[in-house]
Structure formats: structure tokens, C-alpha cells
$ cat upload-v5.txt   # compact mmCIF, C-alpha atoms
# COMPACT_ATOMS: atom_id res chain seq x y z
CA MET A 1 32.13 -13.45 -9.17
CA THR A 2 31.91 -14.01 -5.41
CA VAL A 3 29.34 -12.62 -2.98
CA ALA A 4 31.91 -10.09 -1.76
CA GLN A 5 32.71 -8.97 -5.30
CA ALA A 6 29.03 -8.67 -6.18
CA LEU A 7 28.36 -6.45 -3.18
CA ALA A 8 31.44 -4.37 -3.98
CA GLU A 9 30.04 -3.80 -7.48
CA ALA A 10 26.74 -2.71 -5.95
CA ARG A 11 28.61 -0.19 -3.80
CA ARG A 12 30.36 1.13 -6.87
CA ARG A 13 27.00 1.67 -8.55
CA GLY A 14 25.65 3.53 -5.54
CA VAL A 15 23.12 0.89 -4.48
CA GLU A 16 22.56 0.77 -0.73
CA ARG A 17 24.04 -2.25 1.01
CA LEU A 18 20.74 -3.64 2.32
CA ASP A 19 19.11 -3.38 -1.10
CA ALA A 20 22.14 -5.05 -2.70
CA GLN A 21 22.04 -7.88 -0.18
CA LEU A 22 18.33 -8.44 -0.75
CA LEU A 23 18.79 -8.49 -4.53
CA LEU A 24 21.71 -10.89 -4.26
CA ALA A 25 19.82 -13.13 -1.85
CA HIS A 26 16.93 -13.19 -4.33
CA ALA A 27 19.28 -14.05 -7.21
CA MET A 28 20.96 -16.85 -5.26
CA GLN A 29 17.75 -18.03 -3.55
CA ARG A 30 19.46 -17.83 -0.18
CA PRO A 31 18.61 -16.04 3.06
CA ARG A 32 20.30 -12.69 3.51
CA ALA A 33 22.05 -14.03 6.64
CA TRP A 34 23.69 -16.73 4.51
CA LEU A 35 25.34 -14.08 2.33
CA ILE A 36 26.93 -12.45 5.33
CA ALA A 37 28.49 -15.75 6.41
CA ASN A 38 29.54 -16.84 2.91
CA ASP A 39 31.12 -13.82 1.23
CA GLU A 40 33.54 -16.03 -0.78
CA ALA A 41 30.76 -18.16 -2.29
CA ALA A 42 30.66 -17.98 -6.09
CA LEU A 43 27.65 -16.96 -8.16
CA THR A 44 26.61 -19.04 -11.14
CA GLU A 45 26.63 -17.33 -14.51
CA ARG A 46 22.83 -16.96 -14.42
CA GLN A 47 22.90 -15.52 -10.91
CA ALA A 48 25.57 -13.01 -11.88
CA THR A 49 23.63 -11.97 -14.98
CA ASP A 50 20.37 -11.53 -13.06
CA PHE A 51 22.08 -9.62 -10.27
CA ALA A 52 23.79 -7.25 -12.70
CA ALA A 53 20.50 -6.50 -14.47
CA TRP A 54 18.70 -5.93 -11.19
CA LEU A 55 21.47 -3.64 -9.95
CA ARG A 56 21.06 -1.46 -13.03
CA ARG A 57 17.34 -1.18 -12.40
CA ARG A 58 17.78 -0.35 -8.72
CA ALA A 59 20.49 2.21 -9.49
CA ASP A 60 17.98 3.87 -11.85
CA GLY A 61 15.57 4.29 -8.95
CA GLU A 62 13.19 1.41 -9.62
CA PRO A 63 11.67 0.19 -6.35
CA LEU A 64 13.18 -2.97 -4.94
CA ALA A 65 9.71 -4.48 -4.65
CA TYR A 66 9.15 -4.28 -8.41
CA ILE A 67 12.46 -5.98 -9.09
CA VAL A 68 11.88 -8.92 -6.73
CA GLY A 69 8.13 -8.89 -7.42
CA GLU A 70 6.88 -8.81 -3.86
CA LYS A 71 6.51 -6.69 -0.73
CA GLU A 72 5.68 -7.47 2.89
CA PHE A 73 2.69 -5.61 4.32
CA HIS A 74 1.07 -6.17 7.70
CA GLY A 75 2.32 -9.76 7.84
CA LEU A 76 1.32 -10.62 4.27
CA THR A 77 3.62 -11.19 1.31
CA LEU A 78 2.04 -9.39 -1.63
CA SER A 79 2.94 -9.67 -5.30
CA VAL A 80 3.48 -6.24 -6.84
CA ASN A 81 4.41 -4.75 -10.20
CA ASP A 82 4.49 -1.32 -11.81
CA LYS A 83 0.69 -1.27 -12.20
CA VAL A 84 0.29 -0.67 -8.45
CA LEU A 85 1.92 1.42 -5.75
CA VAL A 86 4.44 -0.33 -3.55
CA PRO A 87 2.69 -0.86 -0.19
CA ARG A 88 4.38 1.25 2.48
CA PRO A 89 4.73 0.81 6.24
CA ASP A 90 2.97 4.16 6.80
CA THR A 91 -0.24 2.61 5.46
CA GLU A 92 -0.21 0.01 8.22
CA THR A 93 -1.31 2.90 10.46
CA LEU A 94 -4.59 2.95 8.54
CA VAL A 95 -5.02 -0.82 8.88
CA ASP A 96 -4.30 -0.77 12.61
CA TRP A 97 -6.85 2.01 13.17
CA ALA A 98 -9.48 0.09 11.20
CA LEU A 99 -8.82 -3.07 13.22
CA GLU A 100 -9.11 -1.06 16.43
CA LEU A 101 -12.56 0.14 15.35
CA LEU A 102 -13.64 -3.38 14.34
CA ALA A 103 -12.67 -4.62 17.79
CA GLY A 104 -14.19 -1.57 19.49
CA GLU A 105 -16.98 0.67 18.25
CA LEU A 106 -17.95 -1.71 15.43
CA ARG A 107 -17.60 -4.94 17.40
CA ASP A 108 -21.36 -5.47 17.67
CA ARG A 109 -21.72 -5.69 13.88
CA ALA A 110 -21.65 -9.44 13.33
CA ALA A 111 -20.52 -9.23 9.70
CA PRO A 112 -19.27 -5.67 9.18
CA ARG A 113 -19.17 -4.44 5.61
CA ILE A 114 -15.86 -2.82 4.64
CA VAL A 115 -14.84 -1.10 1.42
CA ASP A 116 -11.30 -0.25 0.35
CA LEU A 117 -11.40 2.57 -2.21
CA GLY A 118 -8.47 2.52 -4.65
CA THR A 119 -7.20 -0.87 -3.53
CA GLY A 120 -4.14 -1.17 -5.82
CA SER A 121 -2.37 -4.40 -4.85
CA GLY A 122 -5.17 -5.16 -2.39
CA ALA A 123 -2.88 -4.51 0.57
CA ILE A 124 -5.37 -2.80 2.90
CA ALA A 125 -8.38 -4.95 2.00
CA LEU A 126 -6.45 -8.21 2.33
CA ALA A 127 -4.83 -7.22 5.62
CA LEU A 128 -8.27 -6.38 7.05
CA LYS A 129 -9.80 -9.64 5.84
CA GLN A 130 -6.86 -11.59 7.22
CA GLU A 131 -7.31 -10.06 10.67
CA CYS A 132 -11.12 -9.85 10.69
CA ALA A 133 -12.47 -12.98 9.02
CA ARG A 134 -16.08 -12.11 9.90
CA ALA A 135 -15.98 -8.98 7.75
CA HIS A 136 -17.36 -8.76 4.21
CA VAL A 137 -14.69 -6.82 2.31
CA ASP A 138 -15.15 -5.05 -1.02
CA ALA A 139 -12.18 -3.52 -2.82
CA VAL A 140 -12.48 -1.17 -5.80
CA ASP A 141 -10.07 0.44 -8.22
CA ILE A 142 -10.40 2.33 -11.48
CA SER A 143 -7.49 0.34 -12.95
CA ASP A 144 -8.25 -3.14 -14.23
CA ASP A 145 -4.51 -3.84 -14.24
CA ALA A 146 -4.34 -3.03 -10.54
CA LEU A 147 -7.36 -5.21 -9.85
CA GLY A 148 -5.59 -8.05 -11.64
CA VAL A 149 -2.72 -7.76 -9.17
CA ALA A 150 -5.13 -7.61 -6.22
CA ARG A 151 -7.06 -10.61 -7.51
CA GLY A 152 -3.87 -12.64 -7.82
CA ASN A 153 -2.91 -11.76 -4.26
CA ALA A 154 -6.36 -12.63 -2.92
CA GLU A 155 -6.35 -16.00 -4.66
CA ARG A 156 -2.82 -16.88 -3.58
CA LEU A 157 -3.52 -15.92 0.03
CA GLY A 158 -6.92 -17.59 0.08
CA LEU A 159 -8.72 -14.45 1.23
CA ASP A 160 -12.28 -13.83 0.08
CA VAL A 161 -12.38 -10.18 -1.03
CA HIS A 162 -14.88 -8.92 -3.61
CA LEU A 163 -13.10 -6.87 -6.30
CA LEU A 164 -14.86 -4.34 -8.51
CA THR A 165 -13.90 -1.76 -11.13
CA SER A 166 -15.04 1.60 -9.84
CA HIS A 167 -13.92 5.22 -9.70
CA TRP A 168 -14.21 5.74 -5.96
CA TRP A 169 -17.91 5.36 -5.09
CA SER A 170 -19.30 5.42 -8.64
CA GLY A 171 -19.62 1.65 -9.00
CA LEU A 172 -21.34 1.30 -5.61
CA PRO A 173 -24.50 3.39 -6.12
CA HIS A 174 -26.74 1.57 -3.64
CA GLU A 175 -24.16 0.01 -1.31
CA ARG A 176 -23.70 0.98 2.33
CA PHE A 177 -20.75 0.10 4.52
CA ASP A 178 -19.86 0.09 8.20
CA LEU A 179 -16.28 1.08 7.45
CA ALA A 180 -14.66 2.71 4.43
CA VAL A 181 -10.88 3.01 4.11
CA SER A 182 -8.73 4.56 1.43
CA ASN A 183 -5.15 5.41 0.58
CA PRO A 184 -5.94 7.63 -2.42
CA PRO A 185 -3.54 9.74 -4.51
CA TYR A 186 -2.63 12.84 -2.49
CA VAL A 187 0.62 14.23 -3.91
CA CYS A 188 0.31 17.72 -5.38
CA ALA A 189 0.71 17.92 -9.16
CA GLY A 190 4.18 19.30 -9.82
CA ASP A 191 5.54 18.20 -6.44
CA PRO A 192 9.31 17.64 -6.83
CA HIS A 193 9.01 14.30 -4.99
CA LEU A 194 7.16 12.85 -7.98
CA ALA A 195 10.46 12.57 -9.87
CA ALA A 196 11.71 10.02 -7.36
CA LEU A 197 8.42 8.10 -7.76
CA ARG A 198 8.53 8.00 -11.57
CA HIS A 199 8.48 4.19 -11.70
CA GLU A 200 5.13 4.03 -9.85
CA PRO A 201 1.73 4.77 -11.48
CA THR A 202 1.06 8.51 -11.49
CA LEU A 203 -2.69 7.82 -11.38
CA ALA A 204 -2.22 6.41 -7.87
CA LEU A 205 0.03 9.25 -6.69
CA SER A 206 -1.03 12.70 -7.85
CA ALA A 207 -4.39 14.43 -7.34
CA GLY A 208 -4.64 18.02 -8.46
CA PRO A 209 -2.84 21.24 -7.57
CA ASP A 210 -3.15 20.75 -3.80
CA GLY A 211 -3.27 16.95 -3.77
CA LEU A 212 -6.78 16.90 -2.32
CA ASP A 213 -8.92 16.25 -5.41
CA ALA A 214 -9.49 12.55 -4.71
CA LEU A 215 -9.94 13.11 -0.99
CA ARG A 216 -12.64 15.73 -1.66
CA VAL A 217 -14.64 13.30 -3.81
CA ILE A 218 -14.34 10.45 -1.32
CA VAL A 219 -15.35 12.58 1.66
CA ALA A 220 -18.22 14.37 -0.11
CA GLU A 221 -19.90 11.16 -1.25
CA ALA A 222 -19.12 9.01 1.79
CA PRO A 223 -22.17 9.80 3.98
CA ALA A 224 -24.51 8.33 1.38
CA HIS A 225 -22.55 5.08 1.50
CA LEU A 226 -22.08 4.62 5.25
CA THR A 227 -24.43 2.97 7.73
CA PRO A 228 -25.43 4.94 10.85
CA GLY A 229 -22.31 5.17 13.01
CA GLY A 230 -20.13 4.06 10.10
CA TRP A 231 -16.54 5.28 9.82
CA LEU A 232 -14.37 6.71 7.04
CA LEU A 233 -10.58 6.46 7.43
CA LEU A 234 -8.20 8.15 4.99
CA GLU A 235 -4.45 8.19 4.48
CA HIS A 236 -3.04 11.56 3.36
CA GLY A 237 0.14 13.57 2.98
CA HIS A 238 2.41 14.61 5.84
CA ASP A 239 1.02 18.16 5.85
CA GLN A 240 -2.63 17.49 4.96
CA ALA A 241 -4.15 16.36 8.27
CA GLU A 242 -5.67 19.75 9.05
CA SER A 243 -7.16 20.10 5.56
CA VAL A 244 -8.62 16.58 5.55
CA ALA A 245 -10.04 17.01 9.05
CA ALA A 246 -11.69 20.23 7.86
CA LEU A 247 -13.23 18.41 4.89
CA LEU A 248 -14.62 15.72 7.18
CA ALA A 249 -16.04 18.20 9.66
CA ALA A 250 -17.62 20.34 6.93
CA THR A 251 -19.33 17.23 5.53
CA GLY A 252 -20.88 16.45 8.92
CA PHE A 253 -18.55 13.76 10.21
CA GLU A 254 -18.28 13.36 13.97
CA GLN A 255 -15.37 12.29 16.20
CA VAL A 256 -12.97 13.67 13.57
CA GLN A 257 -9.40 12.80 14.52
CA SER A 258 -5.98 11.90 13.11
CA ARG A 259 -3.49 9.10 13.75
CA HIS A 260 0.30 9.29 13.57
CA ASP A 261 2.63 6.93 11.72
CA LEU A 262 5.83 5.44 13.17
CA ALA A 263 7.68 8.67 12.37
CA GLY A 264 5.22 10.68 14.45
CA ILE A 265 3.58 12.28 11.41
CA ALA A 266 -0.21 12.71 11.27
CA ARG A 267 -0.71 10.24 8.43
CA CYS A 268 -4.40 9.29 8.61
CA SER A 269 -7.59 11.15 9.44
CA GLY A 270 -11.14 9.94 9.85
CA GLY A 271 -14.51 10.29 11.45
CA CYS A 272 -17.93 8.70 11.70
CA VAL A 273 -21.41 9.61 10.57
CA ALA A 274 -24.14 10.07 13.14
CA ALA A 275 -25.53 6.86 14.62

$ encode --input "upload-v5.txt" --output "C-alpha cells"
Amino acid sequence: MTVAQALAEARRRGVERLDAQLLLAHAMQRPRAWLIANDEAALTERQATDFAAWLRRRADGEPLAYIVGEKEFHGLTLSVNDKVLVPRPDTETLVDWALELLAGELRDRAAPRIVDLGTGSGAIALALKQECARAHVDAVDISDDALGVARGNAERLGLDVHLLTSHWWSGLPHERFDLAVSNPPYVCAGDPHLAALRHEPTLALSAGPDGLDALRVIVAEAPAHLTPGGWLLLEHGHDQAESVAALLAATGFEQVQSRHDLAGIARCSGGCVAA
């Protein structure tokens, strides 16, 4: 089987060309650009077998990141598996906002304390530690399997993040932070989009009839865990900005506002407690 024949088979199976090229490049341990210039190159038997198996998985809807075992996020290459959500570009909006605060309103805090609630692969916590070395970063998750993935990423990247098993704030009874960030589950139970996400952990996706169950808990308990002037930043669904902003305001948060992702959708909302 040649590169051209392998990609033709991917087309026949309905796998998008870019995904097929990335899978084939992974199988052949070659850059994607090399495939384009060498479409008559032959695959070894092992490469052909691996590629065929991976095509079947991708055609069944399994995320590409699970198949190749990694995903780029905010300049970091993270290991991922089906115990964690695949990090998405939309979430970089949350990271960028947090970094803006650390360089702005929180710049006078010599060693700001940050907590990432529901860390999954560790994507947000590790990106923040990478960009703000002076910060002390805690990352919590209710899933020990997810924390195992995050721990592996932290060790491989050489980033000092403290990992802890906790259901949102429950494992942090006496801790206070300058900045709390979270990408919690926010898909409504029964949402038809969940079918397309069936390979990812439901625990990290769905949160009650309106998708706000986790967000309510995080917001309600946040003031007791933030220092004066501390901030809470939350990722949420494409149509939840108004609801999350209302939750923040009702809980006493100030400077409540939202930030848009690259598609122009209000993807994150946050605010600060009184200084």
C-alpha cells in the first residue's frame, strides 16, 4: 500500500483528509508535509496494519487525539486518553484571560495562588504554570484516572503543579486563592450533541438538566476560597454566558464580564470578589 492508496482508503471510509494525513504521518513517523511530497512511498506491513486500525476508530467517531495519544494546547503537547476530555482551542480563551489578569490586576502578588477546578489532563493548570512560573498552581479533579494523566503530563513537562483529588472545592476547606479557573461540565443532560461526544467521559461533559449544576456549586462556594480581590474565571456553553454572569452577580462578584472565543462566541465569564 502506498501513501496515495492509504489516503484513498481513508476517503472511502469517510475520514476527513487532514485527519487521515495526521494518522498516516503518525503511523509512518514522518511529518505531514513529507506525505504530500511522497505519495508513492510504500507503507510497511506494520504501518499499514496500524493505519487501518486507526482509520476504523476515527471513522467510528473516536477523537484523533485519543488515537495518537496527544493534543497540542497553548503551546504544550499533552498526553491524553479516554479518561480525560480532549483539550480544545476554545479553552485557550480562559488561559489567555487568566494570564492577562496575572500580568495586570494580580501583578503585585509575588507568588499568586491559582487553582484549576476539574483539571482533567492538566491543560489549563500546566499552561498557566508554563507562562507564569512565579505562581503556585493547584489542580483538582474528582477522577483519580484523570489526575494520573495530569500527573504524567506535569512530570514530562517538568512543571511543578500540585495535584489533589477533590470534588470542586470540597478537598480545599481552608485554602484561599488569588485566581480560580475552571472548565467544568456544562452540557445539558439529554443534549443531542452528547452522542457525538460518546468517546469522552460523560462525567466531564454533562451537568444536570440545564448544564449549570457544576457551575452553580463552583460559584456559590468560591467567595470563601478567594483572597480579597481574587478572581473566578469559568468556561461555559455557547448560550450560557448570561446565566453564568447572573450567578456571579447574585453571589456578590464584581466586574462581572465575559470573553469571546475565536468564533466570536461568549465562551468564558468571570468576576472578582471585593478587595

$ closest_residue --input "upload-v5.txt" --among "A:Gly148, A:Gly69, A:Pro223, A:Gly120" --to "Pro201 in chain A" --atoms "all atoms listed in the file"
A:Gly120

$ closest_residue --input "upload-v5.txt" --among "A:His238, A:Arg156, A:His162, A:Lys83" --to "Val140 in chain A" --atoms "all atoms listed in the file"
A:His162

$ atom_distance --input "upload-v5.txt" --atom1 "CA of Thr165 in chain A" --atom2 "CA of Asp90 in chain A"
25.3 Å

$ residues_near_point --input "upload-v5.txt" --point "(-9.3, -7.0, 0.6)" --cutoff "12 Å" --atoms "all atoms listed in the file" --output "MDAnalysis selection string"
chainID A and resid 76 78 95 113:133 135:141 147 149:155 157:164 180:182

$ atom_distance --input "upload-v5.txt" --atom1 "CA of Gly252 in chain A" --atom2 "CA of Leu215 in chain A"
15.1 Å

$ residues_around --input "upload-v5.txt" --residues "Arg267 in chain A" --least-positions-apart "4" --cutoff "9 Å" --atoms "all atoms listed in the file" --output "list in words"
Asp90, Thr91, Thr93, Leu94, Leu234, Glu235, His236, Gly237, His238, Asp239, Gln240, Ala241, Ser258, Arg259, His260 and Asp261 of chain A

$ closest_residue --input "upload-v5.txt" --among "A:Val187, A:Leu106, A:Val244, A:Ile265" --to "Pro228 in chain A" --atoms "all atoms listed in the file"
A:Leu106

$ closest_residue --input "upload-v5.txt" --among "A:Leu22, A:Ala8, A:Val84, A:Leu205" --to "His193 in chain A" --atoms "only C-alpha atoms"
A:Leu205

$ closest_residue --input "upload-v5.txt" --among "A:Gln21, A:Asp39, A:Met28, A:Cys272" --to "Val3 in chain A" --atoms "only C-alpha atoms"
A:Asp39

$ atom_distance --input "upload-v5.txt" --atom1 "CA of Ala59 in chain A" --atom2 "CA of Val15 in chain A"
5.8 Å

$ residues_around --input "upload-v5.txt" --residues "Thr227 in chain A" --least-positions-apart "2" --cutoff "12 Å" --atoms "all atoms listed in the file" --output "list in words"
Leu106, Arg109, Pro112, Arg113, Ile114, His174, Glu175, Arg176, Phe177, Asp178, Leu179, Ala180, Ala222, Pro223, Ala224, His225, Gly229, Gly230, Trp231, Leu232, Cys272, Val273, Ala274 and Ala275 of chain A

$ axis_aligned_box --input "upload-v5.txt" --around "range 130-133 of chain A" --padding-each-side "6 Å" --output "lines of an AutoDock Vina configuration file"
center_x = -9.7
center_y = -11.4
center_z = 9.0
size_x = 17.6
size_y = 15.1
size_z = 15.5

$ closest_residue --input "upload-v5.txt" --among "A:Gln29, A:Trp97, A:Pro89, A:Ala37" --to "Val68 in chain A" --atoms "all atoms listed in the file"
A:Gln29

$ decode --input "upload-v5.txt" --residues "range 80-112 of chain A" --atoms "N, CA and C atoms" --output "PDB file, in the first residue's frame"
ATOM      1  N   VAL A  80      -3.042  12.470  26.240  1.00  0.00           N
ATOM      2  CA  VAL A  80      -4.457  12.341  26.576  1.00  0.00           C
ATOM      3  C   VAL A  80      -4.923  10.919  26.314  1.00  0.00           C
ATOM      4  N   ASN A  81      -5.971  10.521  27.021  1.00  0.00           N
ATOM      5  CA  ASN A  81      -6.643   9.255  26.748  1.00  0.00           C
ATOM      6  C   ASN A  81      -8.117   9.430  27.084  1.00  0.00           C
ATOM      7  N   ASP A  82      -8.874   8.336  27.032  1.00  0.00           N
ATOM      8  CA  ASP A  82     -10.320   8.461  27.199  1.00  0.00           C
ATOM      9  C   ASP A  82     -10.765   8.684  28.643  1.00  0.00           C
ATOM     10  N   LYS A  83      -9.823   8.909  29.549  1.00  0.00           N
ATOM     11  CA  LYS A  83     -10.174   9.259  30.934  1.00  0.00           C
ATOM     12  C   LYS A  83     -10.308  10.772  31.106  1.00  0.00           C
ATOM     13  N   VAL A  84      -9.937  11.533  30.072  1.00  0.00           N
ATOM     14  CA  VAL A  84      -9.974  12.990  30.155  1.00  0.00           C
ATOM     15  C   VAL A  84     -10.589  13.557  28.879  1.00  0.00           C
ATOM     16  N   LEU A  85     -11.140  14.757  28.986  1.00  0.00           N
ATOM     17  CA  LEU A  85     -11.600  15.446  27.790  1.00  0.00           C
ATOM     18  C   LEU A  85     -10.417  15.806  26.904  1.00  0.00           C
ATOM     19  N   VAL A  86     -10.654  15.857  25.609  1.00  0.00           N
ATOM     20  CA  VAL A  86      -9.645  16.364  24.692  1.00  0.00           C
ATOM     21  C   VAL A  86      -9.582  17.883  24.866  1.00  0.00           C
ATOM     22  N   PRO A  87      -8.412  18.443  25.186  1.00  0.00           N
ATOM     23  CA  PRO A  87      -8.321  19.905  25.308  1.00  0.00           C
ATOM     24  C   PRO A  87      -8.697  20.578  23.987  1.00  0.00           C
ATOM     25  N   ARG A  88      -9.473  21.655  24.085  1.00  0.00           N
ATOM     26  CA  ARG A  88      -9.979  22.325  22.895  1.00  0.00           C
ATOM     27  C   ARG A  88      -9.451  23.754  22.797  1.00  0.00           C
ATOM     28  N   PRO A  89      -9.310  24.246  21.572  1.00  0.00           N
ATOM     29  CA  PRO A  89      -8.822  25.618  21.390  1.00  0.00           C
ATOM     30  C   PRO A  89      -9.670  26.658  22.112  1.00  0.00           C
ATOM     31  N   ASP A  90     -10.989  26.425  22.232  1.00  0.00           N
ATOM     32  CA  ASP A  90     -11.861  27.379  22.919  1.00  0.00           C
ATOM     33  C   ASP A  90     -11.369  27.663  24.340  1.00  0.00           C
ATOM     34  N   THR A  91     -10.808  26.632  24.981  1.00  0.00           N
ATOM     35  CA  THR A  91     -10.375  26.773  26.372  1.00  0.00           C
ATOM     36  C   THR A  91      -9.143  27.659  26.501  1.00  0.00           C
ATOM     37  N   GLU A  92      -8.421  27.860  25.406  1.00  0.00           N
ATOM     38  CA  GLU A  92      -7.282  28.777  25.457  1.00  0.00           C
ATOM     39  C   GLU A  92      -7.741  30.200  25.768  1.00  0.00           C
ATOM     40  N   THR A  93      -9.012  30.508  25.473  1.00  0.00           N
ATOM     41  CA  THR A  93      -9.579  31.810  25.836  1.00  0.00           C
ATOM     42  C   THR A  93      -9.498  32.015  27.339  1.00  0.00           C
ATOM     43  N   LEU A  94      -9.809  30.962  28.090  1.00  0.00           N
ATOM     44  CA  LEU A  94      -9.765  31.023  29.555  1.00  0.00           C
ATOM     45  C   LEU A  94      -8.330  31.250  30.032  1.00  0.00           C
ATOM     46  N   VAL A  95      -7.387  30.528  29.450  1.00  0.00           N
ATOM     47  CA  VAL A  95      -5.978  30.670  29.820  1.00  0.00           C
ATOM     48  C   VAL A  95      -5.479  32.084  29.526  1.00  0.00           C
ATOM     49  N   ASP A  96      -5.801  32.591  28.355  1.00  0.00           N
ATOM     50  CA  ASP A  96      -5.340  33.930  27.977  1.00  0.00           C
ATOM     51  C   ASP A  96      -5.906  34.997  28.914  1.00  0.00           C
ATOM     52  N   TRP A  97      -7.156  34.850  29.313  1.00  0.00           N
ATOM     53  CA  TRP A  97      -7.758  35.811  30.252  1.00  0.00           C
ATOM     54  C   TRP A  97      -7.048  35.743  31.597  1.00  0.00           C
ATOM     55  N   ALA A  98      -6.783  34.531  32.073  1.00  0.00           N
ATOM     56  CA  ALA A  98      -6.082  34.363  33.346  1.00  0.00           C
ATOM     57  C   ALA A  98      -4.693  34.997  33.292  1.00  0.00           C
ATOM     58  N   LEU A  99      -3.972  34.792  32.201  1.00  0.00           N
ATOM     59  CA  LEU A  99      -2.633  35.371  32.064  1.00  0.00           C
ATOM     60  C   LEU A  99      -2.698  36.897  32.012  1.00  0.00           C
ATOM     61  N   GLU A 100      -3.746  37.421  31.400  1.00  0.00           N
ATOM     62  CA  GLU A 100      -3.941  38.868  31.362  1.00  0.00           C
ATOM     63  C   GLU A 100      -4.111  39.420  32.777  1.00  0.00           C
ATOM     64  N   LEU A 101      -4.879  38.728  33.601  1.00  0.00           N
ATOM     65  CA  LEU A 101      -5.066  39.162  34.989  1.00  0.00           C
ATOM     66  C   LEU A 101      -3.764  39.066  35.783  1.00  0.00           C
ATOM     67  N   LEU A 102      -3.012  37.988  35.577  1.00  0.00           N
ATOM     68  CA  LEU A 102      -1.754  37.802  36.299  1.00  0.00           C
ATOM     69  C   LEU A 102      -0.734  38.878  35.945  1.00  0.00           C
ATOM     70  N   ALA A 103      -0.824  39.381  34.719  1.00  0.00           N
ATOM     71  CA  ALA A 103       0.078  40.450  34.292  1.00  0.00           C
ATOM     72  C   ALA A 103      -0.499  41.830  34.580  1.00  0.00           C
ATOM     73  N   GLY A 104      -1.778  41.859  34.995  1.00  0.00           N
ATOM     74  CA  GLY A 104      -2.452  43.130  35.235  1.00  0.00           C
ATOM     75  C   GLY A 104      -2.866  43.295  36.677  1.00  0.00           C
ATOM     76  N   GLU A 105      -4.152  43.041  36.952  1.00  0.00           N
ATOM     77  CA  GLU A 105      -4.684  43.302  38.292  1.00  0.00           C
ATOM     78  C   GLU A 105      -4.006  42.490  39.395  1.00  0.00           C
ATOM     79  N   LEU A 106      -3.473  41.330  39.054  1.00  0.00           N
ATOM     80  CA  LEU A 106      -2.844  40.465  40.067  1.00  0.00           C
ATOM     81  C   LEU A 106      -1.316  40.522  40.023  1.00  0.00           C
ATOM     82  N   ARG A 107      -0.777  41.481  39.295  1.00  0.00           N
ATOM     83  CA  ARG A 107       0.681  41.504  39.096  1.00  0.00           C
ATOM     84  C   ARG A 107       1.460  41.780  40.381  1.00  0.00           C
ATOM     85  N   ASP A 108       0.822  42.449  41.340  1.00  0.00           N
ATOM     86  CA  ASP A 108       1.533  42.781  42.582  1.00  0.00           C
ATOM     87  C   ASP A 108       1.623  41.602  43.553  1.00  0.00           C
ATOM     88  N   ARG A 109       0.963  40.498  43.235  1.00  0.00           N
ATOM     89  CA  ARG A 109       1.017  39.314  44.104  1.00  0.00           C
ATOM     90  C   ARG A 109       2.242  38.495  43.690  1.00  0.00           C
ATOM     91  N   ALA A 110       3.256  38.539  44.536  1.00  0.00           N
ATOM     92  CA  ALA A 110       4.560  37.987  44.169  1.00  0.00           C
ATOM     93  C   ALA A 110       4.502  36.516  43.788  1.00  0.00           C
ATOM     94  N   ALA A 111       3.707  35.747  44.510  1.00  0.00           N
ATOM     95  CA  ALA A 111       3.553  34.314  44.223  1.00  0.00           C
ATOM     96  C   ALA A 111       2.074  33.993  44.254  1.00  0.00           C
ATOM     97  N   PRO A 112       1.331  34.404  43.223  1.00  0.00           N
ATOM     98  CA  PRO A 112      -0.124  34.212  43.228  1.00  0.00           C
ATOM     99  C   PRO A 112      -0.501  32.742  43.336  1.00  0.00           C
TER     100      PRO A 112
END
